[in-house]
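The data block below is final.cif; it holds mmCIF, C-alpha atoms and all ligand atoms.
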```
data_my_file
#
loop_
_atom_site.label_atom_id
_atom_site.label_comp_id
_atom_site.auth_asym_id
_atom_site.auth_seq_id
_atom_site.Cartn_x
_atom_site.Cartn_y
_atom_site.Cartn_z
CA MET A 293 130.31 121.06 117.72
CA ILE A 294 127.34 119.33 119.38
CA ASN A 295 124.71 118.08 116.96
CA PHE A 296 121.05 118.25 117.79
CA ASN A 297 120.58 114.54 117.10
CA VAL A 298 122.78 111.51 116.44
CA PRO A 299 120.90 108.36 115.37
CA PRO A 300 121.01 105.64 118.04
CA PHE A 301 123.63 102.94 117.48
CA THR A 302 124.53 100.24 119.99
CA GLY A 303 127.09 98.17 118.06
CA ASN A 304 125.11 95.04 117.11
CA GLU A 305 123.24 96.63 114.19
CA ILE A 306 125.59 95.52 111.41
CA LYS A 307 125.85 92.00 112.81
CA TYR A 308 122.06 91.60 112.85
CA ILE A 309 121.65 93.11 109.38
CA LYS A 310 124.20 90.58 108.14
CA GLU A 311 122.20 87.79 109.79
CA ALA A 312 119.08 88.96 107.96
CA VAL A 313 120.99 89.03 104.69
CA ASP A 314 122.61 85.62 105.30
CA ALA A 315 119.18 84.12 106.10
CA GLN A 316 118.12 85.38 102.65
CA LYS A 317 115.16 87.05 104.28
CA ILE A 318 115.25 90.75 103.57
CA CYS A 319 111.56 91.42 102.84
CA GLY A 320 108.95 92.02 105.55
CA ASP A 321 107.89 89.88 108.50
CA GLY A 322 111.16 87.98 108.85
CA ARG A 323 112.84 86.92 112.08
CA PHE A 324 113.83 90.39 113.27
CA THR A 325 110.45 91.94 112.48
CA LYS A 326 108.79 89.21 114.56
CA GLN A 327 111.27 89.67 117.41
CA CYS A 328 110.60 93.42 117.50
CA ASP A 329 106.83 92.89 117.41
CA ARG A 330 106.99 90.33 120.23
CA TRP A 331 109.14 92.71 122.29
CA ILE A 332 106.60 95.52 121.85
CA GLU A 333 103.69 93.20 122.73
CA GLU A 334 105.43 92.02 125.91
CA LYS A 335 106.46 95.52 126.91
CA THR A 336 103.05 97.13 126.37
CA GLY A 337 100.53 94.32 126.80
CA VAL A 338 98.72 95.01 123.51
CA ALA A 339 97.11 92.13 121.61
CA LYS A 340 99.28 92.79 118.56
CA SER A 341 102.13 94.94 117.32
CA LEU A 342 102.74 95.30 113.59
CA LEU A 343 105.97 96.90 112.45
CA THR A 344 105.39 99.44 109.68
CA THR A 345 107.42 101.58 107.31
CA SER A 346 106.79 104.67 109.47
CA CYS A 347 104.64 106.08 112.25
CA THR A 348 102.82 108.02 109.53
CA HIS A 349 101.91 104.68 107.94
CA ALA A 350 100.92 103.20 111.30
CA THR A 351 98.53 106.14 111.72
CA GLU A 352 97.18 105.58 108.20
CA LEU A 353 96.53 101.95 109.14
CA ALA A 354 94.74 103.10 112.30
CA ALA A 355 92.58 105.47 110.22
CA LEU A 356 91.68 102.56 107.91
CA LEU A 357 90.84 100.30 110.86
CA ALA A 358 88.74 103.03 112.48
CA ASP A 359 86.88 103.22 109.14
CA ILE A 360 87.35 106.98 108.87
CA LYS A 361 85.28 108.31 105.96
CA PRO A 362 85.09 111.58 104.00
CA GLY A 363 83.51 114.32 106.11
CA ASP A 364 84.27 112.63 109.44
CA GLU A 365 85.89 114.81 112.08
CA VAL A 366 88.91 113.86 114.15
CA ILE A 367 89.94 115.86 117.22
CA MET A 368 93.67 116.46 117.75
CA PRO A 369 96.09 119.19 118.84
CA SER A 370 97.43 121.68 116.28
CA TYR A 371 100.79 121.57 118.03
CA THR A 372 102.03 118.31 116.47
CA PHE A 373 103.90 116.85 113.53
CA VAL A 374 102.07 116.87 110.19
CA SER A 375 101.58 113.08 110.11
CA THR A 376 98.99 113.20 112.89
CA ALA A 377 96.69 115.14 110.56
CA ASP A 378 97.83 113.72 107.20
CA ALA A 379 96.71 110.17 107.94
CA PHE A 380 93.12 111.37 108.40
CA VAL A 381 93.09 113.99 105.64
CA LEU A 382 94.05 111.17 103.24
CA ARG A 383 90.77 109.48 104.18
CA GLY A 384 88.84 112.70 103.48
CA ALA A 385 88.34 113.52 107.15
CA VAL A 386 88.62 116.97 108.75
CA PRO A 387 91.12 117.45 111.58
CA VAL A 388 89.52 119.58 114.31
CA PHE A 389 92.23 121.17 116.41
CA VAL A 390 91.84 122.13 120.04
CA ASP A 391 94.27 124.07 122.20
CA ILE A 392 97.12 122.55 124.21
CA ARG A 393 97.96 122.77 127.91
CA PRO A 394 100.91 125.07 128.50
CA ASP A 395 102.49 122.77 131.11
CA THR A 396 102.96 119.57 129.06
CA MET A 397 102.25 120.95 125.55
CA ASN A 398 99.73 118.09 125.23
CA ILE A 399 96.11 118.41 124.05
CA ASP A 400 93.99 120.18 126.68
CA GLU A 401 91.61 117.41 127.68
CA THR A 402 89.14 119.94 129.08
CA LYS A 403 88.65 121.47 125.60
CA ILE A 404 87.85 118.22 123.78
CA GLU A 405 84.20 117.70 124.67
CA ASP A 406 83.13 121.10 123.37
CA ALA A 407 84.66 120.28 119.94
CA ILE A 408 82.57 117.12 119.49
CA THR A 409 79.86 117.24 116.79
CA PRO A 410 77.67 114.51 115.27
CA LYS A 411 80.47 114.01 112.71
CA THR A 412 83.22 113.36 115.24
CA ARG A 413 84.65 109.84 114.99
CA ALA A 414 87.95 109.83 116.85
CA ILE A 415 90.29 111.60 119.26
CA VAL A 416 94.03 111.58 118.57
CA PRO A 417 96.07 112.48 121.64
CA VAL A 418 99.76 113.17 120.90
CA HIS A 419 102.11 112.32 123.77
CA TYR A 420 104.49 115.22 123.31
CA ALA A 421 108.10 114.60 124.37
CA GLY A 422 107.06 111.13 125.55
CA VAL A 423 104.96 112.60 128.38
CA GLY A 424 101.49 111.11 128.57
CA CYS A 425 98.29 113.03 127.88
CA GLU A 426 95.53 112.95 130.53
CA MET A 427 94.35 109.58 129.23
CA ASP A 428 91.73 108.68 131.86
CA THR A 429 89.79 111.84 130.99
CA ILE A 430 90.24 111.30 127.25
CA MET A 431 89.14 107.63 127.41
CA ASP A 432 86.11 108.62 129.48
CA ILE A 433 85.05 111.26 126.92
CA ALA A 434 85.57 108.76 124.08
CA LYS A 435 83.49 106.14 125.84
CA ARG A 436 80.60 108.49 126.57
CA HIS A 437 80.49 109.74 122.96
CA GLY A 438 81.28 106.44 121.19
CA LEU A 439 84.57 107.69 119.71
CA MET A 440 87.75 105.81 118.91
CA VAL A 441 91.07 106.84 120.44
CA ILE A 442 94.21 106.63 118.33
CA GLU A 443 97.34 107.54 120.29
CA ASP A 444 100.12 109.28 118.41
CA ALA A 445 102.82 107.74 120.59
CA ALA A 446 105.55 108.45 118.02
CA GLN A 447 107.69 109.84 120.85
CA GLY A 448 106.24 107.67 123.61
CA ILE A 449 107.88 104.22 123.59
CA MET A 450 109.01 103.19 127.13
CA SER A 451 106.83 105.91 128.72
CA THR A 452 103.84 105.20 130.94
CA TYR A 453 100.67 106.88 132.19
CA LYS A 454 99.50 105.48 135.56
CA GLY A 455 101.72 102.46 134.89
CA ARG A 456 100.25 101.74 131.45
CA ALA A 457 102.45 101.96 128.34
CA LEU A 458 101.73 104.91 126.06
CA GLY A 459 100.28 103.52 122.83
CA SER A 460 98.46 100.70 124.65
CA ILE A 461 95.63 102.70 126.24
CA GLY A 462 93.55 103.80 123.23
CA ASP A 463 92.12 101.51 120.54
CA PHE A 464 95.31 101.94 118.51
CA GLY A 465 98.76 103.33 119.23
CA CYS A 466 101.43 104.47 116.78
CA TYR A 467 105.19 104.37 117.41
CA SER A 468 107.95 105.92 115.31
CA PHE A 469 111.41 104.50 114.71
CA HIS A 470 112.62 107.41 112.62
CA GLU A 471 116.28 108.28 113.17
CA THR A 472 115.29 111.17 115.45
CA LYS A 473 113.44 108.91 117.90
CA ASN A 474 114.79 107.02 120.96
CA PHE A 475 115.05 103.73 119.02
CA SER A 476 115.44 103.72 115.27
CA MET A 477 115.47 101.66 112.11
CA GLY A 478 116.15 104.64 109.84
CA GLU A 479 112.54 104.96 108.77
CA GLY A 480 109.92 102.84 110.49
CA GLY A 481 107.15 102.56 113.02
CA ALA A 482 104.67 100.21 114.62
CA LEU A 483 100.92 99.94 114.96
CA LEU A 484 99.78 98.77 118.39
CA ILE A 485 96.40 97.03 118.47
CA ARG A 486 94.76 96.82 121.90
CA ASP A 487 91.89 94.47 121.04
CA PRO A 488 92.32 91.20 119.11
CA GLU A 489 89.23 91.71 116.91
CA TYR A 490 91.15 94.24 114.76
CA ILE A 491 94.21 92.06 114.09
CA GLU A 492 92.94 90.31 110.99
CA ASP A 493 91.81 93.50 109.23
CA ALA A 494 95.07 95.21 110.17
CA GLU A 495 97.12 92.40 108.61
CA ILE A 496 95.06 92.66 105.44
CA PHE A 497 95.36 96.47 105.10
CA ARG A 498 99.11 96.19 105.73
CA GLU A 499 99.58 93.42 103.15
CA LYS A 500 98.11 95.12 100.06
CA GLY A 501 94.57 94.03 100.89
CA THR A 502 95.47 90.33 100.84
CA ASP A 503 95.18 87.51 103.40
CA ARG A 504 98.87 86.69 102.95
CA SER A 505 99.54 86.71 106.73
CA LYS A 506 96.91 83.99 107.19
CA TYR A 507 98.41 82.04 104.30
CA PHE A 508 101.85 82.07 105.93
CA ARG A 509 100.31 80.74 109.13
CA GLY A 510 98.73 77.91 107.12
CA GLN A 511 95.20 79.14 107.88
CA VAL A 512 94.19 79.41 104.20
CA ASP A 513 95.55 77.40 101.25
CA LYS A 514 96.05 80.36 98.91
CA TYR A 515 96.21 84.07 99.42
CA ARG A 516 93.85 86.39 97.64
CA TRP A 517 92.84 90.01 97.29
CA VAL A 518 90.18 90.36 100.00
CA ASN A 519 89.98 94.14 100.63
CA TYR A 520 91.63 97.42 99.69
CA GLY A 521 94.98 98.04 101.33
CA SER A 522 98.52 99.19 100.87
CA SER A 523 102.09 98.05 101.53
CA TYR A 524 103.21 98.99 105.02
CA LEU A 525 105.81 96.29 105.72
CA PRO A 526 109.37 97.33 106.47
CA SER A 527 112.32 95.25 105.28
CA ASP A 528 113.70 92.77 107.80
CA MET A 529 117.11 94.49 107.36
CA ASN A 530 115.64 97.61 108.93
CA ALA A 531 114.03 95.56 111.69
CA ALA A 532 117.47 94.02 112.36
CA TYR A 533 118.85 97.52 112.96
CA LEU A 534 115.98 98.25 115.36
CA TRP A 535 116.42 94.98 117.24
CA ALA A 536 119.96 95.96 118.23
CA GLN A 537 118.39 98.85 120.16
CA LEU A 538 115.26 97.21 121.55
CA GLU A 539 117.46 94.57 123.21
CA MET A 540 119.24 97.47 124.95
CA ALA A 541 116.15 99.58 125.54
CA ASP A 542 116.70 99.93 129.28
CA GLU A 543 120.32 101.08 128.88
CA ILE A 544 119.39 103.59 126.18
CA THR A 545 116.50 104.96 128.22
CA SER A 546 118.47 105.28 131.45
CA ALA A 547 121.33 107.07 129.64
CA ARG A 548 118.83 109.53 128.15
CA LEU A 549 117.09 110.03 131.51
CA ALA A 550 120.44 110.72 133.17
CA ARG A 551 121.22 113.46 130.62
CA TRP A 552 117.67 114.84 130.96
CA ASN A 553 118.04 115.09 134.74
CA GLU A 554 121.43 116.79 134.38
CA TYR A 555 119.90 119.40 132.09
CA TYR A 556 117.06 119.93 134.55
CA GLU A 557 119.33 120.36 137.59
CA GLN A 558 121.82 122.64 135.85
CA LEU A 559 119.16 124.88 134.33
CA LYS A 560 117.00 125.05 137.45
CA PRO A 561 118.70 128.21 138.74
CA LEU A 562 117.57 130.01 135.55
CA ALA A 563 114.03 128.76 136.07
CA ASP A 564 114.14 129.88 139.72
CA LYS A 565 115.03 133.37 138.48
CA GLU A 566 112.09 133.10 136.01
CA LEU A 567 114.38 133.54 133.01
CA ILE A 568 113.27 130.25 131.45
CA GLU A 569 110.65 127.55 132.01
CA LEU A 570 111.48 123.86 132.37
CA PRO A 571 109.41 120.85 131.22
CA VAL A 572 106.62 119.65 133.52
CA ILE A 573 106.13 115.91 134.13
CA PRO A 574 102.75 115.15 135.80
CA SER A 575 103.03 112.76 138.74
CA GLU A 576 101.05 110.02 136.95
CA CYS A 577 103.52 110.01 134.03
CA LYS A 578 106.89 108.29 133.67
CA HIS A 579 108.74 109.62 130.62
CA ASN A 580 111.47 108.33 128.33
CA ALA A 581 113.60 111.47 127.99
CA HIS A 582 112.71 111.72 124.33
CA MET A 583 113.27 115.45 124.39
CA PHE A 584 114.72 118.20 126.54
CA TYR A 585 113.23 121.61 125.91
CA ILE A 586 113.14 124.97 127.63
CA LYS A 587 110.86 127.91 127.06
CA VAL A 588 112.20 131.44 126.79
CA LYS A 589 110.31 134.75 126.85
CA ASP A 590 109.21 135.00 123.25
CA LEU A 591 109.97 134.34 119.58
CA ASP A 592 112.62 137.07 119.30
CA MET A 593 114.54 135.76 122.26
CA ARG A 594 114.33 132.23 120.90
CA THR A 595 115.70 133.23 117.49
CA GLU A 596 118.49 135.14 119.18
CA MET A 597 119.37 132.15 121.38
CA ILE A 598 119.30 129.44 118.67
CA ASP A 599 120.66 131.33 115.66
CA ARG A 600 123.12 133.67 117.28
CA HIS A 601 124.28 132.48 120.65
CA LEU A 602 124.10 128.66 120.62
CA LYS A 603 125.05 128.15 116.98
CA SER A 604 128.11 130.40 117.25
CA ASN A 605 129.17 128.30 120.24
CA GLY A 606 128.82 125.08 118.25
CA VAL A 607 125.53 123.94 119.79
CA TYR A 608 122.74 122.94 117.43
CA ALA A 609 119.40 123.60 119.06
CA VAL A 610 116.11 123.54 117.13
CA PHE A 611 112.46 124.52 117.45
CA HIS A 612 109.14 123.09 116.26
CA TYR A 613 106.20 122.87 115.36
CA VAL A 614 104.62 125.50 113.15
CA PRO A 615 101.05 125.01 114.46
CA LEU A 616 99.15 123.02 111.84
CA HIS A 617 96.15 125.36 111.76
CA THR A 618 98.41 128.21 110.57
CA ALA A 619 100.14 126.14 107.85
CA PRO A 620 98.89 126.17 104.21
CA ALA A 621 97.44 122.64 104.32
CA GLY A 622 95.94 123.24 107.74
CA LEU A 623 94.05 126.27 106.44
CA LYS A 624 92.74 124.16 103.57
CA TYR A 625 91.86 120.86 105.23
CA ALA A 626 91.30 121.50 108.92
CA ARG A 627 89.82 123.88 111.45
CA PHE A 628 90.60 125.10 114.94
CA HIS A 629 87.82 124.81 117.51
CA GLY A 630 87.79 127.42 120.25
CA GLU A 631 90.52 129.90 120.97
CA ASP A 632 94.24 129.50 120.30
CA VAL A 633 95.41 130.70 123.71
CA TYR A 634 98.56 128.59 124.07
CA THR A 635 99.29 126.69 120.83
CA THR A 636 100.99 129.53 118.95
CA LYS A 637 102.30 131.41 121.96
CA GLU A 638 103.96 128.42 123.62
CA SER A 639 105.32 126.90 120.38
CA ASP A 640 106.95 130.26 119.51
CA ARG A 641 109.10 130.25 122.61
CA LEU A 642 110.14 126.60 122.82
CA VAL A 643 113.79 125.59 122.31
CA ARG A 644 114.83 121.94 121.96
CA LEU A 645 118.34 121.24 123.21
CA PRO A 646 120.51 118.37 121.89
CA MET A 647 119.34 114.97 123.17
CA TYR A 648 120.53 111.59 121.96
CA TYR A 649 121.79 108.27 123.29
CA ARG A 650 125.51 109.04 123.27
CA LEU A 651 125.30 112.63 124.44
CA THR A 652 127.77 112.94 127.34
CA SER A 653 127.51 114.63 130.74
CA ASP A 654 130.27 116.99 129.61
CA ASP A 655 128.21 117.92 126.55
CA VAL A 656 125.24 118.73 128.78
CA THR A 657 127.37 120.81 131.13
CA TYR A 658 128.82 122.75 128.19
CA ILE A 659 125.36 123.37 126.68
CA CYS A 660 123.96 124.52 130.05
CA GLU A 661 126.91 126.90 130.51
CA LYS A 662 126.17 128.41 127.11
CA VAL A 663 122.48 128.78 127.94
CA LYS A 664 123.38 130.49 131.23
CA GLU A 665 125.88 132.73 129.42
CA PHE A 666 123.08 133.88 127.12
CA PHE A 667 121.28 135.44 130.08
CA GLU A 668 124.37 137.23 131.44
C1 LIG B 1 108.13 111.57 114.43
C2 LIG B 1 106.68 111.82 114.58
C3 LIG B 1 105.74 111.33 113.67
C4 LIG B 1 106.12 110.69 112.37
O1 LIG B 1 106.91 109.58 112.46
P1 LIG B 1 107.46 108.90 111.13
O2 LIG B 1 107.95 107.57 111.62
O3 LIG B 1 108.56 109.77 110.62
O4 LIG B 1 106.35 108.76 110.16
C5 LIG B 1 104.40 111.52 113.94
N1 LIG B 1 103.97 112.17 115.04
C6 LIG B 1 104.84 112.68 115.92
C7 LIG B 1 104.31 113.38 117.14
C8 LIG B 1 106.22 112.54 115.74
O5 LIG B 1 107.07 113.06 116.62
#
```

For this file, write the structure as structure tokens.
Ligand SMILES: *Cc1c(COP(=O)(O)O)cnc(C)c1O
Amino acid sequence: MINFNVPPFTGNEIKYIKEAVDAQKICGDGRFTKQCDRWIEEKTGVAKSLLTTSCTHATELAALLADIKPGDEVIMPSYTFVSTADAFVLRGAVPVFVDIRPDTMNIDETKIEDAITPKTRAIVPVHYAGVGCEMDTIMDIAKRHGLMVIEDAAQGIMSTYKGRALGSIGDFGCYSFHETKNFSMGEGGALLIRDPEYIEDAEIFREKGTDRSKYFRGQVDKYRWVNYGSSYLPSDMNAAYLWAQLEMADEITSARLARWNEYYEQLKPLADKELIELPVIPSECKHNAHMFYIKVKDLDMRTEMIDRHLKSNGVYAVFHYVPLHTAPAGLKYARFHGEDVYTTKESDRLVRLPMYYRLTSDDVTYICEKVKEFFE
């Protein structure tokens, strides 16, 4: 049996967790949290990284920092995970969905400008499968209309767009370290802050509305309640688990890329015969092999492939996302601007094949044989 996902594990996790425990520092912002944050800052060039309890929470922090208010509108794709929208709906804002591009499954940058109204405050590009959105165009639109850009880079760590790290291009970037992502701490994430002027407010929102971070740096002599906020700090034990992977980030990424390329090569004959479609990586993007997906003809064929053929051969493949504008909460809290040409159609026919750090070449060969067999 080949699982769809196996959480990443390099071997040093338990040792580092024990170090956190032995140091009697298991709450937030301990040694491992700081090491992870420094690693992210060095890797991406942002002014500040703040580890959080999830990417959802990092996005909530970004919405607080962007001062999103009830009635504000936020432009995003409908083809995304619920958190992208949730973080803004919690602030009373209205997600305004625009269609995706069928090649990358990312927001169609050419549809954004038409969705802007006087209420629009932010654009939230989602870097699907760790492949960058057309960020130059998006940043240009944001600049001309005075909008903030919050990157949902949940899947995008170690990926770049024109040499710049995903998550470091917009005002804020959000990473996920959920167990399904390339690097994990069980549940967790990070907020990336491009410009230093937001650091202090971010620390306050993340620390229950207090200036505790300043207090620990010796910048104030007592810490007080200075604003509203919440508790978005992960335990240092979780950060210890993550550190064991960040220190091996290059190895993990190259192993994933090797498997990704094997999938691509072995399935190419099917794509040449136009039986399936393969992922498209624009030339300005370097990706992190977060995901390997194919597209089949339609929903019926997908169901047949996942539920009947692959499962009975011991291969666990999955699909996602139910477009947010068709989901119960989407109908209630959000709206779709323009026409849904690709969002529903393309999401209906997408199949995600197993992809994780310790997936072997033999596994990939077996899975590709089963996919080919399906078309015989
Ligand atoms: C995984 C994911 C999230 C949520 O991440 P959590 O860390 O589980 O909160 C948000 N957006 C996208 C696109 C994701 O893939």

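Excluding A:Cys660 itself and same-chain residues fewer than 2 positions from it, the residues having an atom within 10 Å of it are A:Glu554, A:Tyr555, A:Tyr556, A:Glu557, A:Gln558, A:Leu559, A:Leu645, A:Asp654, A:Asp655, A:Val656, A:Thr657, A:Tyr658, A:Lys662, A:Val663, A:Lys664, A:Glu665, A:Phe666, counting only C-alpha atoms.
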
Task: Top pick for closest residue to A:Ser370, considering A:Phe628, A:Phe296, A:Tyr308, A:Phe611 and counting all atoms listed in the file - done: A:Phe628

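Considering only C-alpha atoms and all ligand atoms, the residues that reside within 7 Å of ligand LIG 1 (chain B) can be listed as Ser346, Cys347, Thr348, His349, Thr372, Phe373, Val374, Ser375, Thr376, Val418, Tyr420, Asp444, Ala445, Ala446, Gln447, Ser468, Phe469, His470, Lys473, Glu479, Gly480 and Gly481 of chain A.
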
TODO: Identify which of the residues A:Pro571, A:Glu539, A:Gly478, A:Ile415 lies closest to A:Arg330, counting all atoms listed in the file when measuring atom-to-atom distances.
DONE: A:Glu539

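Ranking A:Asn398, A:Thr351, A:Thr652, A:Thr325 by their shortest atom-to-atom distance to A:Gly422, with all atoms listed in the file included, puts A:Asn398 first.
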
- [ ] Please measure the separation of atom CA of A:Thr402 and atom CA of A:Ile430, giving the value in Å to one decimal.
- [x]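 These atoms are spaced 8.9 Å apart.
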
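Distances here use all atoms listed in the file; by that measure, the residue among A:Ala350, A:Pro369, A:Leu651, A:Tyr524 closest to A:Tyr467 is A:Ala350.
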
TODO: Could you please give me, as a PyMOL selection string, the residues of protein, DNA or RNA lying at most 6 Å from (85.9, 109.2, 113.8) in the coordinate frame of the file, considering only C-alpha atoms?
DONE: chain A and resi 360+364-366+412-414

How about saving the chosen residues, C-alpha atoms kept, as an mmCIF file, in the coordinates of the input?
```
data_model
loop_
_atom_site.group_PDB
_atom_site.id
_atom_site.type_symbol
_atom_site.label_atom_id
_atom_site.label_comp_id
_atom_site.auth_asym_id
_atom_site.auth_seq_id
_atom_site.Cartn_x
_atom_site.Cartn_y
_atom_site.Cartn_z
ATOM 1 C CA ILE A 360 87.350 106.980 108.870
ATOM 2 C CA ASP A 364 84.270 112.630 109.440
ATOM 3 C CA GLU A 365 85.890 114.810 112.080
ATOM 4 C CA VAL A 366 88.910 113.860 114.150
ATOM 5 C CA THR A 412 83.220 113.360 115.240
ATOM 6 C CA ARG A 413 84.650 109.840 114.990
ATOM 7 C CA ALA A 414 87.950 109.830 116.850
#
```

Open item on the list: Show me, as a ChimeraX atom specification, the residues that have an atom within 6 Å of stretch 589-597 of chain A when counting all atoms listed in the file, minus same-chain residues fewer than 4 positions from it.
Closed with: /A:601-602,640-641

- [ ] For each of A:Val386, A:Met450, A:Ile433, A:Val610, take the minimum atom-to-atom distance to A:Arg548, counting only C-alpha atoms, then give the residue where this is smallest.
- [x] A:Met450

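Remark: for A:Lys310, the closest of the candidate residues A:Phe324, A:Pro646, A:Glu631, A:Asp432 is A:Phe324 (distances computed over only C-alpha atoms).
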
Open item on the list: Excluding A:Gly322 and its own-chain neighbours fewer than 5 positions away, which residues fall within 12 Å of it when counting all atoms listed in the file? Please give them as a VMD selection string.
Closed with: chain A and resid 309 311 to 313 315 to 317 327 to 329 343 505 508 525 to 532

Task: Atom-to-atom span, atom CA of A:Met583 and atom CA of A:Ala421, Å - done: 5.2 Å

Task: Separation of atom CA of A:Gly521 from atom CA of A:Thr502, in Å and rounded to one decimal - done: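 Result for atom CA of A:Gly521 versus atom CA of A:Thr502: 7.7 Å, one decimal.
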
The centre and edge lengths of an axis-aligned box containing all atoms of stretch 299-317 of chain A present in the file, extended by 8 Å on each side, are to be given in Å to one decimal, as lines of an AutoDock Vina configuration file.
```
center_x = 121.1
center_y = 96.2
center_z = 111.3
size_x = 27.9
size_y = 40.2
size_z = 33.3
```

Open item on the list: List as a PyMOL selection string the protein and nucleic acid residues near A:Glu426, meaning an atom at most 10 Å away when only C-alpha atoms are counted, but skip any in the same chain fewer than 2 places from it.
Closed with: chain A and resi 398-402+417+419+423-424+428-431+453-454+574+576-577

With all heavy atoms as the atom set, please write stretch 541-547 of chain A from the structure just given, as a PDB file, in the first residue's frame.
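Dumped everything to part_17.pdb:
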```
ATOM      1  N   ALA A 541      16.708  20.997   4.792  1.00  0.00           N
ATOM      2  CA  ALA A 541      15.734  21.462   3.792  1.00  0.00           C
ATOM      3  C   ALA A 541      16.177  21.152   2.360  1.00  0.00           C
ATOM      4  O   ALA A 541      15.351  20.770   1.522  1.00  0.00           O
ATOM      5  CB  ALA A 541      15.497  22.954   3.955  1.00  0.00           C
ATOM      6  N   ASP A 542      17.470  21.288   2.087  1.00  0.00           N
ATOM      7  CA  ASP A 542      17.935  21.041   0.717  1.00  0.00           C
ATOM      8  C   ASP A 542      17.797  19.565   0.346  1.00  0.00           C
ATOM      9  O   ASP A 542      17.362  19.238  -0.757  1.00  0.00           O
ATOM     10  CB  ASP A 542      19.389  21.498   0.545  1.00  0.00           C
ATOM     11  CG  ASP A 542      19.511  23.020   0.573  1.00  0.00           C
ATOM     12  OD1 ASP A 542      18.554  23.694   0.122  1.00  0.00           O
ATOM     13  OD2 ASP A 542      20.532  23.527   1.058  1.00  0.00           O
ATOM     14  N   GLU A 543      18.153  18.679   1.275  1.00  0.00           N
ATOM     15  CA  GLU A 543      18.028  17.237   1.011  1.00  0.00           C
ATOM     16  C   GLU A 543      16.567  16.855   0.766  1.00  0.00           C
ATOM     17  O   GLU A 543      16.248  16.110  -0.166  1.00  0.00           O
ATOM     18  CB  GLU A 543      18.548  16.406   2.193  1.00  0.00           C
ATOM     19  CG  GLU A 543      20.048  16.408   2.375  1.00  0.00           C
ATOM     20  CD  GLU A 543      20.534  17.515   3.310  1.00  0.00           C
ATOM     21  OE1 GLU A 543      19.904  18.604   3.359  1.00  0.00           O
ATOM     22  OE2 GLU A 543      21.553  17.302   3.983  1.00  0.00           O
ATOM     23  N   ILE A 544      15.683  17.364   1.647  1.00  0.00           N
ATOM     24  CA  ILE A 544      14.265  17.025   1.521  1.00  0.00           C
ATOM     25  C   ILE A 544      13.737  17.515   0.179  1.00  0.00           C
ATOM     26  O   ILE A 544      13.062  16.792  -0.555  1.00  0.00           O
ATOM     27  CB  ILE A 544      13.449  17.626   2.699  1.00  0.00           C
ATOM     28  CG1 ILE A 544      13.844  16.932   4.006  1.00  0.00           C
ATOM     29  CG2 ILE A 544      11.945  17.507   2.445  1.00  0.00           C
ATOM     30  CD1 ILE A 544      13.215  17.520   5.264  1.00  0.00           C
ATOM     31  N   THR A 545      14.093  18.759  -0.168  1.00  0.00           N
ATOM     32  CA  THR A 545      13.576  19.334  -1.407  1.00  0.00           C
ATOM     33  C   THR A 545      14.138  18.599  -2.621  1.00  0.00           C
ATOM     34  O   THR A 545      13.391  18.316  -3.576  1.00  0.00           O
ATOM     35  CB  THR A 545      13.887  20.842  -1.483  1.00  0.00           C
ATOM     36  OG1 THR A 545      13.381  21.461  -0.296  1.00  0.00           O
ATOM     37  CG2 THR A 545      13.238  21.491  -2.695  1.00  0.00           C
ATOM     38  N   SER A 546      15.425  18.247  -2.596  1.00  0.00           N
ATOM     39  CA  SER A 546      15.933  17.577  -3.800  1.00  0.00           C
ATOM     40  C   SER A 546      15.360  16.166  -3.943  1.00  0.00           C
ATOM     41  O   SER A 546      15.134  15.714  -5.063  1.00  0.00           O
ATOM     42  CB  SER A 546      17.449  17.613  -3.922  1.00  0.00           C
ATOM     43  OG  SER A 546      18.047  17.274  -2.729  1.00  0.00           O
ATOM     44  N   ALA A 547      15.101  15.487  -2.809  1.00  0.00           N
ATOM     45  CA  ALA A 547      14.467  14.160  -2.903  1.00  0.00           C
ATOM     46  C   ALA A 547      13.071  14.293  -3.516  1.00  0.00           C
ATOM     47  O   ALA A 547      12.682  13.527  -4.406  1.00  0.00           O
ATOM     48  CB  ALA A 547      14.379  13.512  -1.525  1.00  0.00           C
TER      49      ALA A 547
END
```
